[in-house]
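*Asks:* Sharing upload25.pdb, PDB, C-alpha atoms and all ligand atoms:
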ATOM      1  CA  MET A   1     176.126 140.173-175.148
ATOM      2  CA  LYS A   2     174.849 139.446-171.622
ATOM      3  CA  LYS A   3     173.186 136.053-171.295
ATOM      4  CA  ALA A   4     171.412 134.704-168.217
ATOM      5  CA  VAL A   5     169.693 131.493-167.210
ATOM      6  CA  TYR A   6     166.621 131.416-164.977
ATOM      7  CA  PRO A   7     166.255 127.888-163.583
ATOM      8  CA  GLY A   8     163.218 126.500-161.794
ATOM      9  CA  THR A   9     160.687 123.732-161.571
ATOM     10  CA  PHE A  10     157.831 125.901-162.880
ATOM     11  CA  ASP A  11     155.191 123.439-161.698
ATOM     12  CA  PRO A  12     153.313 125.492-162.894
ATOM     13  CA  ILE A  13     154.537 128.968-163.901
ATOM     14  CA  THR A  14     152.858 131.718-161.822
ATOM     15  CA  PHE A  15     152.617 135.505-162.112
ATOM     16  CA  GLY A  16     155.485 135.579-159.568
ATOM     17  CA  HIS A  17     157.764 133.779-162.050
ATOM     18  CA  LEU A  18     156.482 135.884-164.924
ATOM     19  CA  ASP A  19     157.301 139.056-163.011
ATOM     20  CA  ILE A  20     160.916 137.879-162.504
ATOM     21  CA  ILE A  21     161.116 136.869-166.185
ATOM     22  CA  GLU A  22     159.858 140.246-167.378
ATOM     23  CA  ARG A  23     162.167 142.250-165.107
ATOM     24  CA  SER A  24     165.295 140.183-165.756
ATOM     25  CA  ALA A  25     164.695 140.106-169.529
ATOM     26  CA  LYS A  26     165.010 143.913-169.431
ATOM     27  CA  VAL A  27     168.534 143.842-167.988
ATOM     28  CA  VAL A  28     170.069 141.070-170.107
ATOM     29  CA  ASP A  29     170.303 140.583-173.855
ATOM     30  CA  GLU A  30     169.152 136.998-173.738
ATOM     31  CA  LEU A  31     167.309 135.063-171.062
ATOM     32  CA  ILE A  32     167.210 131.273-171.104
ATOM     33  CA  ILE A  33     164.552 129.766-168.878
ATOM     34  CA  GLY A  34     165.673 126.334-167.667
ATOM     35  CA  ILE A  35     163.002 123.870-166.625
ATOM     36  CA  LEU A  36     164.428 121.385-164.169
ATOM     37  CA  ALA A  37     163.173 118.037-165.450
ATOM     38  CA  ASN A  38     163.613 115.967-162.323
ATOM     39  CA  SER A  39     163.378 118.008-159.169
ATOM     40  CA  ARG A  40     164.753 116.047-156.242
ATOM     41  CA  LYS A  41     162.866 118.024-153.617
ATOM     42  CA  LYS A  42     159.379 117.296-154.930
ATOM     43  CA  THR A  43     157.557 115.229-157.537
ATOM     44  CA  PRO A  44     156.088 117.641-160.077
ATOM     45  CA  LEU A  45     152.333 117.623-160.706
ATOM     46  CA  PHE A  46     152.791 118.521-164.372
ATOM     47  CA  THR A  47     154.922 116.576-166.855
ATOM     48  CA  ILE A  48     157.904 118.237-168.444
ATOM     49  CA  GLU A  49     155.953 118.599-171.721
ATOM     50  CA  GLU A  50     153.069 120.296-169.892
ATOM     51  CA  ARG A  51     155.372 122.677-168.002
ATOM     52  CA  LEU A  52     157.210 123.508-171.234
ATOM     53  CA  HIS A  53     153.923 124.171-173.026
ATOM     54  CA  MET A  54     152.630 126.468-170.253
ATOM     55  CA  LEU A  55     155.921 128.417-170.210
ATOM     56  CA  GLN A  56     156.046 128.747-173.996
ATOM     57  CA  GLU A  57     152.470 129.969-174.201
ATOM     58  CA  SER A  58     152.960 132.407-171.292
ATOM     59  CA  THR A  59     156.164 134.032-172.569
ATOM     60  CA  LYS A  60     155.326 134.486-176.260
ATOM     61  CA  GLN A  61     155.356 138.274-175.887
ATOM     62  CA  PHE A  62     159.094 138.401-175.075
ATOM     63  CA  SER A  63     161.520 138.422-177.980
ATOM     64  CA  ASN A  64     164.763 137.700-176.087
ATOM     65  CA  ILE A  65     163.624 134.612-174.186
ATOM     66  CA  SER A  66     164.115 130.934-174.934
ATOM     67  CA  ILE A  67     163.218 127.860-172.922
ATOM     68  CA  GLN A  68     165.237 124.698-172.349
ATOM     69  CA  VAL A  69     164.649 121.553-170.356
ATOM     70  CA  PHE A  70     167.623 120.503-168.258
ATOM     71  CA  ASP A  71     168.666 118.075-165.596
ATOM     72  CA  GLY A  72     171.595 118.500-163.249
ATOM     73  CA  MET A  73     173.536 121.558-162.175
ATOM     74  CA  THR A  74     172.493 125.084-163.110
ATOM     75  CA  VAL A  75     176.143 126.081-163.705
ATOM     76  CA  ASP A  76     176.326 123.406-166.402
ATOM     77  CA  LEU A  77     173.242 124.857-168.083
ATOM     78  CA  ALA A  78     174.831 128.316-167.899
ATOM     79  CA  ARG A  79     178.190 127.092-169.255
ATOM     80  CA  LYS A  80     176.534 125.185-172.098
ATOM     81  CA  ASN A  81     174.772 128.374-173.187
ATOM     82  CA  GLY A  82     177.668 130.760-172.575
ATOM     83  CA  ALA A  83     175.659 132.542-169.864
ATOM     84  CA  SER A  84     177.457 134.430-167.093
ATOM     85  CA  LEU A  85     174.437 135.040-164.861
ATOM     86  CA  ILE A  86     171.946 132.905-162.972
ATOM     87  CA  ILE A  87     168.660 134.637-162.120
ATOM     88  CA  ARG A  88     166.741 133.719-158.976
ATOM     89  CA  GLY A  89     163.783 135.278-157.179
ATOM     90  CA  LEU A  90     163.590 136.031-153.462
ATOM     91  CA  ARG A  91     160.297 136.183-151.620
ATOM     92  CA  ALA A  92     161.066 135.932-147.931
ATOM     93  CA  VAL A  93     163.847 135.199-145.461
ATOM     94  CA  THR A  94     163.043 131.518-145.895
ATOM     95  CA  ASP A  95     164.099 131.730-149.571
ATOM     96  CA  PHE A  96     167.237 133.648-148.631
ATOM     97  CA  GLU A  97     168.920 130.930-146.576
ATOM     98  CA  SER A  98     168.768 128.211-149.212
ATOM     99  CA  GLU A  99     169.383 130.600-152.115
ATOM    100  CA  LEU A 100     172.516 131.970-150.427
ATOM    101  CA  GLN A 101     173.870 128.449-149.986
ATOM    102  CA  ILE A 102     173.105 127.464-153.581
ATOM    103  CA  SER A 103     174.632 130.645-155.014
ATOM    104  CA  GLN A 104     177.802 130.192-152.943
ATOM    105  CA  ALA A 105     178.092 126.567-154.058
ATOM    106  CA  ASN A 106     177.688 127.656-157.680
ATOM    107  CA  GLN A 107     180.313 130.355-157.162
ATOM    108  CA  GLN A 108     182.726 127.674-155.957
ATOM    109  CA  LEU A 109     181.941 125.490-158.963
ATOM    110  CA  ASP A 110     182.459 128.306-161.450
ATOM    111  CA  SER A 111     183.624 131.734-160.319
ATOM    112  CA  SER A 112     182.868 133.233-163.729
ATOM    113  CA  ILE A 113     179.120 132.737-163.190
ATOM    114  CA  ASP A 114     177.294 135.058-160.806
ATOM    115  CA  THR A 115     173.812 134.839-159.319
ATOM    116  CA  MET A 116     171.572 137.868-159.602
ATOM    117  CA  PHE A 117     168.571 138.058-157.271
ATOM    118  CA  PHE A 118     165.338 139.873-157.920
ATOM    119  CA  THR A 119     163.198 140.571-154.907
ATOM    120  CA  THR A 120     159.579 139.718-155.452
ATOM    121  CA  SER A 121     157.057 142.385-156.310
ATOM    122  CA  LEU A 122     155.001 142.841-153.136
ATOM    123  CA  GLU A 123     151.785 141.681-154.766
ATOM    124  CA  TYR A 124     153.382 138.282-155.457
ATOM    125  CA  ALA A 125     155.317 137.874-152.206
ATOM    126  CA  PHE A 126     153.049 135.059-151.006
ATOM    127  CA  LEU A 127     152.746 133.345-154.362
ATOM    128  CA  SER A 128     154.244 129.928-155.072
ATOM    129  CA  SER A 129     153.467 127.048-157.425
ATOM    130  CA  ALA A 130     152.617 124.990-154.327
ATOM    131  CA  ILE A 131     149.921 127.405-153.115
ATOM    132  CA  VAL A 132     148.420 127.584-156.599
ATOM    133  CA  LYS A 133     148.193 123.771-156.742
ATOM    134  CA  GLU A 134     146.599 123.697-153.294
ATOM    135  CA  MET A 135     143.981 126.282-154.292
ATOM    136  CA  ALA A 136     143.285 124.560-157.605
ATOM    137  CA  SER A 137     142.829 121.213-155.864
ATOM    138  CA  TYR A 138     139.821 122.734-154.032
ATOM    139  CA  GLY A 139     138.390 124.186-157.227
ATOM    140  CA  THR A 140     139.307 127.762-156.198
ATOM    141  CA  ASP A 141     139.585 130.407-158.930
ATOM    142  CA  ILE A 142     143.327 130.900-159.600
ATOM    143  CA  SER A 143     143.031 133.463-162.389
ATOM    144  CA  LEU A 144     144.632 136.189-160.228
ATOM    145  CA  PHE A 145     147.768 134.098-159.753
ATOM    146  CA  VAL A 146     148.621 132.322-163.001
ATOM    147  CA  PRO A 147     148.604 133.112-166.734
ATOM    148  CA  LYS A 148     145.722 131.832-168.871
ATOM    149  CA  PRO A 149     147.608 128.842-170.388
ATOM    150  CA  VAL A 150     147.997 127.441-166.858
ATOM    151  CA  ILE A 151     144.266 127.678-166.219
ATOM    152  CA  ALA A 152     143.659 125.914-169.518
ATOM    153  CA  MET A 153     146.080 123.146-168.507
ATOM    154  CA  PHE A 154     144.371 122.675-165.131
ATOM    155  CA  SER A 155     140.975 122.431-166.896
ATOM    156  CA  GLN A 156     142.343 119.907-169.348
ATOM    157  CA  LYS A 157     144.094 117.788-166.735
ATOM    158  CA  PHE A 158     141.535 118.074-163.934
ATOM    159  CA  PRO A 159     138.179 118.790-165.638
ATOM    160  CA  GLU A 160     136.296 117.722-162.507
ATOM    161  CA  LEU A 161     137.665 120.770-160.622
ATOM    162  CA  VAL A 162     136.505 123.361-163.089
ATOM    163  CA  SER A 163     132.865 124.395-162.942
TER     164      SER A 163
HETATM  165  P1  LIG B   1     162.744 125.871-157.560
HETATM  166  O1  LIG B   1     162.252 124.475-157.358
HETATM  167  O2  LIG B   1     164.059 125.962-158.255
HETATM  168  O3  LIG B   1     162.669 126.783-156.349
HETATM  169  P2  LIG B   1     160.467 127.324-158.576
HETATM  170  O4  LIG B   1     159.773 127.102-159.872
HETATM  171  O5  LIG B   1     159.668 127.079-157.338
HETATM  172  O6  LIG B   1     161.739 126.415-158.654
HETATM  173  O7  LIG B   1     161.067 128.790-158.515
HETATM  174  C1  LIG B   1     161.983 129.262-159.457
HETATM  175  C2  LIG B   1     162.524 130.606-159.001
HETATM  176  O8  LIG B   1     161.474 131.572-159.000
HETATM  177  C3  LIG B   1     163.092 130.616-157.585
HETATM  178  O9  LIG B   1     164.223 131.473-157.567
HETATM  179  C4  LIG B   1     161.972 131.197-156.770
HETATM  180  O10 LIG B   1     162.454 131.833-155.601
HETATM  181  C5  LIG B   1     161.400 132.208-157.747
HETATM  182  N1  LIG B   1     160.007 132.539-157.440
HETATM  183  C6  LIG B   1     158.951 131.696-157.372
HETATM  184  N2  LIG B   1     157.813 132.359-157.053
HETATM  185  C7  LIG B   1     158.172 133.664-156.902
HETATM  186  C8  LIG B   1     157.472 134.865-156.555
HETATM  187  N3  LIG B   1     156.166 134.845-156.242
HETATM  188  N4  LIG B   1     158.175 136.017-156.498
HETATM  189  C9  LIG B   1     159.501 136.022-156.767
HETATM  190  N5  LIG B   1     160.225 134.941-157.089
HETATM  191  C10 LIG B   1     159.574 133.772-157.160
END
How would this structure read if it were set down as structure tokens?
Ligand code: ADP

*Replies:*
Amino acid sequence: MKKAVYPGTFDPITFGHLDIIERSAKVVDELIIGILANSRKKTPLFTIEERLHMLQESTKQFSNISIQVFDGMTVDLARKNGASLIIRGLRAVTDFESELQISQANQQLDSSIDTMFFTTSLEYAFLSSAIVKEMASYGTDISLFVPKPVIAMFSQKFPELVS
């Protein structure tokens, strides 16, 4: 039974994340998506409940996926769930440098847990939660970049932006 965790801030989930979820769920028996509650690098726009809701609604079609909220180290999330793999996505060289460092640190913390990288599908190479939030803040149509539940959440939270 191969279990993996896919950690992230998911603020909000995009088609880039969904692509990694779909591809990694095909190579493991069980995929646990971990939503990092308190990201130190940025203050999330969406609350943990909102991010959880958007992820749940956007991944209903997958039978071997579950979602957990966590805080702290990814290796602890993996250990707690008996997972031996951490999934991460790589878009550009800029992702590579920090991801390499994080995966090596995790390897030092627990050598039984490996990181598996999925390179982005070309159509999503530019896509990030940050760019989606920027576009949405100007009232731009984001339907090409995020699943429907995210659009619904933006409309609910920022009705003034949606025409
Ligand atoms: P974090 O704050 O941990 O980077 P994110 O939610 O921004 O959380 O990203 C979670 C993971 O998804 C990261 O490994 C990131 O590289 C990956 N990811 C995000 N967007 C894309 C994309 N468009 N294509 C491939 N991977 C992506």

*Asks:* Mind telling me what the PyMOL selection byres (((not hetatm)) within 8 of (chain B and resi 1)) catches here, as a VMD selection string?

*Replies:* chain A and resid 6 to 17 19 to 20 36 39 41 87 to 91 95 99 117 to 121 124 to 130

*Asks:* Where does the PyMOL selection byres (((chain A and resi 45-52) around 12) and not hetatm) land in this file, that is, which residues does it pick, as a ChimeraX atom specification?

*Replies:* /A:8-14,33-39,42-44,53-59,66-71,129-130,132-134,136-137,149-150,152-154,156-158

*Asks:* For the atom pair atom CA of A:Ser84 and atom CA of A:Lys2, what is the interatomic distance in Å to one decimal place?

*Replies:* 7.2 Å

*Asks:* Produce the centre coordinates and the three edge lengths, each in Å to one decimal, of the box along x, y and z that contains all listed atoms of stretch 4-20 of chain A with 6 Å added on each side, as JSON.

*Replies:*
{"center_x": 162.0, "center_y": 131.2, "center_z": -163.9, "size_x": 30.8, "size_y": 27.6, "size_z": 20.6}

*Asks:* As a ChimeraX atom specification, please: the residues near A:Glu30 (cut-off 8 Å, all atoms listed in the file, same-chain neighbours under 5 positions excluded).

*Replies:* /A:1-4,25,64-66

*Asks:* Just the selected residues (C-alpha atoms), exported as a PDB file, keeping the file's coordinate frame, please.

*Replies:*
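Done, and the output landed in result38.pdb:
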ATOM      1  CA  MET A   1     176.126 140.173-175.148  1.00  0.00           C
ATOM      2  CA  LYS A   2     174.849 139.446-171.622  1.00  0.00           C
ATOM      3  CA  LYS A   3     173.186 136.053-171.295  1.00  0.00           C
ATOM      4  CA  ALA A   4     171.412 134.704-168.217  1.00  0.00           C
ATOM      5  CA  ALA A  25     164.695 140.106-169.529  1.00  0.00           C
ATOM      6  CA  ASN A  64     164.763 137.700-176.087  1.00  0.00           C
ATOM      7  CA  ILE A  65     163.624 134.612-174.186  1.00  0.00           C
ATOM      8  CA  SER A  66     164.115 130.934-174.934  1.00  0.00           C
TER       9      SER A  66
END

*Asks:* What does the structure give for the distance between atom CA of A:Thr115 and atom CA of A:Thr94, in Å to one decimal?

*Replies:*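 Computed distance, atom CA of A:Thr115 to atom CA of A:Thr94, equals 17.5 Å.
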
*Asks:* Work out how far apart atom CA of A:Asp76 and atom CA of A:Ser103 are and give it in Å to one decimal.

*Replies:* 13.6 Å
